[in-house]
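Below is one structure, written out as structure tokens; comments come after it.
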Amino acid sequence: MSTRVKILLVDDVPANLHTLSQALMSQYELSVTTSGAEALALAEKNRPDLILLDVMMPGMNGLETLRRLRQTDWGREIAVILVTADDRTETQVFGLDQGADDFVAKPVVVPVVQARVRNLLERQRLRRELVRLATTDELTGALNRRRFFELGEAERSRVKRYQQPCGLLMLDIDYFKTVNDQYGHATGDNVLKAFVETIQGLLRQSDVLGRLGGEEFGVLLPQTEPQGTLELAERLRGVVETMRVTTEDASTLSVTTSLGATQLNTTDRSFDEALQRADTALYAAKDGGRNRVHSEHLS
Ligand SMILES: [Mg+2]
């Protein structure tokens, strides 16, 4: 499951690229380029974990390359080490201001480069782990409530600014308390895990699933018209119905889900307002007999 860490090496002098490649190739998956412009294109395509970036290059130099990288959505998380013979204070300060994570002096000393890369990757790994812990629900791997609200608020702004549609679902596992009472909490947890896995299987990469609490979940569907939101809600309802979970005494158990569907509106003053609409719809679905979809203001 663990793929190799990807590093992009950028230097206008091929001999320097050769030295860096020799130093790092046994441990990392490398790509190389001699220009800043091509570095940006390669980074967008390959999404490296780290870039070793020469500062002095003809055309787009390293600092300009870094500046442009940090302006992209995908380039902010990439660790960058500037490689430079220019040790003037202003170059270093400017580099740090542009978002460099570290520096390596030229001519490079191989063990030093290896150590800096190792340290920076370890820091990056820890930071990613902290972010994961702070944003996901430990049991199911869905996003936690706080992160779901953050992304929901971001989607609401986008809907307002660009008039793009975004669907919103709230889901609740029917009679979940009975599952816990009858089969125990371990089986209840397995139902929650299977539920999330089943739902994720139908979602697109850009869709967002969050656990709002207990057996209640939310789904954000960016770029989705009302018709698409309803169709997906119905598909989710159907797939949950066919899901089977093994209990501790090796029998199988099935559950159903009720869904409330709505759209984020340009008039929503907060994400919470939209979520309350979905919640109202969810309660109507429960009242209507469960295992069904109900929609609120889906236009
Ligand atoms: Mg150079």
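Here's how to read the names in the structure tokens: chain A, B, ... by the order shown, residue numbers from 1 in each chain, ligand numbers from 1 in the order shown.
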Could you pull out the strand (DSSP E or B) residues of region 121-215 of chain A, going by DSSP on the backbone, and write them as a PyMOL selection string? chain A and resi 136+143+166-173+208-213
Would you pick out the contacts of region 1-18 of chain A at 9 Å or less, using only C-alpha atoms, so that residues sharing its chain but fewer than 2 positions from it are not included, and give the list as JSON, numbers by chain? {"A": [20, 21, 22, 23, 24, 27, 28, 29, 30, 31, 32, 33, 34, 35, 36, 39, 42, 43, 46, 47, 48, 49, 50, 51, 52, 53, 54, 55, 56, 57, 58, 62, 83, 107, 108, 121]}
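With only C-alpha atoms as the atoms that count, the minimum distance from Ala194 (chain A) to the choices A:Ala142, A:Leu66, A:Leu275, A:Val93 is reached by A:Ala142.
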Members of region 65-140 of chain A assigned alpha helix (DSSP H) by DSSP, as number ranges by chain: A: 65-70, 89-97, 110-135
Using C-alpha atoms, can you write the selected residues to a file as an mmCIF file, in the first residue's frame?
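part.cif was written with the following content:
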```
data_model
loop_
_atom_site.group_PDB
_atom_site.id
_atom_site.type_symbol
_atom_site.label_atom_id
_atom_site.label_comp_id
_atom_site.auth_asym_id
_atom_site.auth_seq_id
_atom_site.Cartn_x
_atom_site.Cartn_y
_atom_site.Cartn_z
ATOM 1 C CA THR A 65 9.060 28.824 -10.001
ATOM 2 C CA LEU A 66 8.422 28.500 -6.272
ATOM 3 C CA ARG A 67 6.217 31.594 -6.212
ATOM 4 C CA ARG A 68 4.045 30.196 -8.995
ATOM 5 C CA LEU A 69 3.949 26.748 -7.404
ATOM 6 C CA ARG A 70 2.611 28.177 -4.144
ATOM 7 C CA THR A 89 20.500 36.981 3.432
ATOM 8 C CA GLU A 90 18.006 38.613 1.083
ATOM 9 C CA THR A 91 17.870 35.547 -1.160
ATOM 10 C CA GLN A 92 17.195 33.290 1.815
ATOM 11 C CA VAL A 93 14.576 35.601 3.301
ATOM 12 C CA PHE A 94 12.894 35.991 -0.075
ATOM 13 C CA GLY A 95 12.947 32.219 -0.558
ATOM 14 C CA LEU A 96 11.383 31.609 2.849
ATOM 15 C CA ASP A 97 8.779 34.286 2.133
ATOM 16 C CA VAL A 110 25.630 14.420 -0.676
ATOM 17 C CA PRO A 111 25.129 13.349 2.969
ATOM 18 C CA VAL A 112 23.792 16.815 3.786
ATOM 19 C CA VAL A 113 21.245 16.714 0.956
ATOM 20 C CA GLN A 114 20.186 13.225 2.006
ATOM 21 C CA ALA A 115 19.746 14.327 5.629
ATOM 22 C CA ARG A 116 17.782 17.477 4.732
ATOM 23 C CA VAL A 117 15.483 15.502 2.463
ATOM 24 C CA ARG A 118 14.963 12.843 5.114
ATOM 25 C CA ASN A 119 14.186 15.419 7.817
ATOM 26 C CA LEU A 120 11.805 17.399 5.695
ATOM 27 C CA LEU A 121 9.929 14.300 4.553
ATOM 28 C CA GLU A 122 9.594 13.169 8.164
ATOM 29 C CA ARG A 123 8.171 16.566 9.131
ATOM 30 C CA GLN A 124 5.794 16.375 6.187
ATOM 31 C CA ARG A 125 4.691 12.870 7.202
ATOM 32 C CA LEU A 126 3.971 13.995 10.756
ATOM 33 C CA ARG A 127 2.066 17.045 9.554
ATOM 34 C CA ARG A 128 -0.048 14.912 7.210
ATOM 35 C CA GLU A 129 -0.754 12.480 10.023
ATOM 36 C CA LEU A 130 -1.829 15.324 12.318
ATOM 37 C CA VAL A 131 -4.113 16.699 9.621
ATOM 38 C CA ARG A 132 -5.602 13.248 9.076
ATOM 39 C CA LEU A 133 -6.204 12.762 12.807
ATOM 40 C CA ALA A 134 -7.736 16.217 13.144
ATOM 41 C CA THR A 135 -10.091 15.839 10.180
#
```
Would you pick out the contacts of Arg290 (chain A) at 10 Å or less, using only C-alpha atoms, so that residues sharing its chain but fewer than 4 positions from it are not included, and give the list as a ChimeraX atom specification? /A:172-175,256-259,282-286,294
Take the residues from that selection and put them in a file with all heavy atoms, as a short mmCIF file (atom, residue, chain, number, x, y, z; two decimals), in the first residue's frame.
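Below you can see again_22.cif, which holds the result:
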```cif
data_model
loop_
_atom_site.label_atom_id
_atom_site.label_comp_id
_atom_site.auth_asym_id
_atom_site.auth_seq_id
_atom_site.Cartn_x
_atom_site.Cartn_y
_atom_site.Cartn_z
N ASP A 172 -29.26 8.75 7.64
CA ASP A 172 -29.32 8.19 8.99
C ASP A 172 -29.66 6.71 8.86
O ASP A 172 -30.56 6.34 8.11
CB ASP A 172 -30.39 8.95 9.78
CG ASP A 172 -30.40 8.57 11.25
OD1 ASP A 172 -30.94 7.52 11.58
OD2 ASP A 172 -29.85 9.35 12.04
N ILE A 173 -28.91 5.88 9.57
CA ILE A 173 -29.19 4.44 9.51
C ILE A 173 -30.44 4.16 10.34
O ILE A 173 -30.51 4.53 11.51
CB ILE A 173 -27.99 3.63 10.05
CG1 ILE A 173 -26.73 3.96 9.25
CG2 ILE A 173 -28.30 2.13 10.00
CD1 ILE A 173 -25.46 3.33 9.80
N ASP A 174 -31.40 3.51 9.70
CA ASP A 174 -32.68 3.26 10.37
C ASP A 174 -32.53 2.26 11.52
O ASP A 174 -31.84 1.24 11.38
CB ASP A 174 -33.71 2.71 9.35
CG ASP A 174 -34.01 3.73 8.26
OD1 ASP A 174 -34.00 4.95 8.57
OD2 ASP A 174 -34.25 3.31 7.11
N TYR A 175 -33.19 2.54 12.62
CA TYR A 175 -33.22 1.65 13.79
C TYR A 175 -31.83 1.21 14.24
O TYR A 175 -31.61 0.06 14.60
CB TYR A 175 -34.08 0.40 13.50
CG TYR A 175 -35.48 0.74 13.08
CD1 TYR A 175 -35.92 0.51 11.77
CD2 TYR A 175 -36.37 1.31 13.99
CE1 TYR A 175 -37.21 0.83 11.38
CE2 TYR A 175 -37.66 1.64 13.60
CZ TYR A 175 -38.08 1.40 12.31
OH TYR A 175 -39.34 1.72 11.94
N THR A 256 -31.24 -0.44 6.65
CA THR A 256 -31.70 0.50 5.62
C THR A 256 -31.32 1.90 6.07
O THR A 256 -30.93 2.12 7.21
CB THR A 256 -33.23 0.43 5.43
OG1 THR A 256 -33.86 0.72 6.68
CG2 THR A 256 -33.66 -0.93 4.91
N THR A 257 -31.45 2.84 5.14
CA THR A 257 -31.13 4.23 5.49
C THR A 257 -32.21 5.18 4.98
O THR A 257 -32.80 4.95 3.92
CB THR A 257 -29.75 4.64 4.92
OG1 THR A 257 -29.44 5.97 5.33
CG2 THR A 257 -29.70 4.58 3.41
N SER A 258 -32.45 6.22 5.76
CA SER A 258 -33.34 7.30 5.32
C SER A 258 -32.48 8.47 4.90
O SER A 258 -31.43 8.72 5.50
CB SER A 258 -34.26 7.73 6.46
OG SER A 258 -35.07 6.64 6.85
N LEU A 259 -32.94 9.17 3.85
CA LEU A 259 -32.12 10.27 3.33
C LEU A 259 -32.94 11.55 3.16
O LEU A 259 -34.08 11.51 2.66
CB LEU A 259 -31.52 9.91 1.96
CG LEU A 259 -30.58 8.72 1.90
CD1 LEU A 259 -31.33 7.48 1.47
CD2 LEU A 259 -29.43 8.99 0.95
N LEU A 282 -34.77 14.83 6.05
CA LEU A 282 -34.46 13.52 6.64
C LEU A 282 -35.58 13.11 7.60
O LEU A 282 -36.02 11.95 7.59
CB LEU A 282 -33.11 13.60 7.36
CG LEU A 282 -32.71 12.38 8.19
CD1 LEU A 282 -32.61 11.13 7.31
CD2 LEU A 282 -31.37 12.62 8.89
N TYR A 283 -36.03 14.05 8.40
CA TYR A 283 -37.10 13.70 9.34
C TYR A 283 -38.40 13.35 8.63
O TYR A 283 -39.12 12.45 9.06
CB TYR A 283 -37.27 14.78 10.42
CG TYR A 283 -36.33 14.45 11.54
CD1 TYR A 283 -35.01 14.91 11.53
CD2 TYR A 283 -36.72 13.55 12.54
CE1 TYR A 283 -34.12 14.51 12.51
CE2 TYR A 283 -35.82 13.16 13.52
CZ TYR A 283 -34.53 13.64 13.50
OH TYR A 283 -33.64 13.24 14.46
N ALA A 284 -38.65 14.03 7.52
CA ALA A 284 -39.83 13.68 6.72
C ALA A 284 -39.69 12.26 6.16
O ALA A 284 -40.67 11.50 6.11
CB ALA A 284 -40.01 14.69 5.59
N ALA A 285 -38.47 11.89 5.75
CA ALA A 285 -38.24 10.53 5.25
C ALA A 285 -38.47 9.50 6.36
O ALA A 285 -39.03 8.42 6.13
CB ALA A 285 -36.82 10.41 4.69
N LYS A 286 -38.04 9.84 7.57
CA LYS A 286 -38.26 8.95 8.72
C LYS A 286 -39.76 8.82 8.99
O LYS A 286 -40.29 7.72 9.18
CB LYS A 286 -37.57 9.52 9.96
CG LYS A 286 -36.07 9.53 9.88
CD LYS A 286 -35.48 8.28 10.50
CE LYS A 286 -33.97 8.33 10.42
NZ LYS A 286 -33.38 7.00 10.58
N HIS A 294 -36.38 11.84 0.93
CA HIS A 294 -37.28 12.97 0.88
C HIS A 294 -36.45 14.20 0.55
O HIS A 294 -35.30 14.30 0.97
CB HIS A 294 -37.99 13.15 2.24
CG HIS A 294 -39.10 14.15 2.17
ND1 HIS A 294 -40.40 13.81 1.86
CD2 HIS A 294 -39.10 15.50 2.36
CE1 HIS A 294 -41.16 14.90 1.86
NE2 HIS A 294 -40.39 15.94 2.16
#
```
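The list of residues with at least one atom within 10 Å of Tyr162 (chain A), based on only C-alpha atoms and without residues fewer than 4 positions apart in the same chain, reads A:Ser157, A:Arg158, A:Thr266.
Interatomic distance, CA of Asp101 (chain A) against CA of Val80 (chain A): 5.4 Å.
A straight line drawn from CA of Gly210 (chain A) to CA of Leu143 (chain A) is 4.3 Å long.
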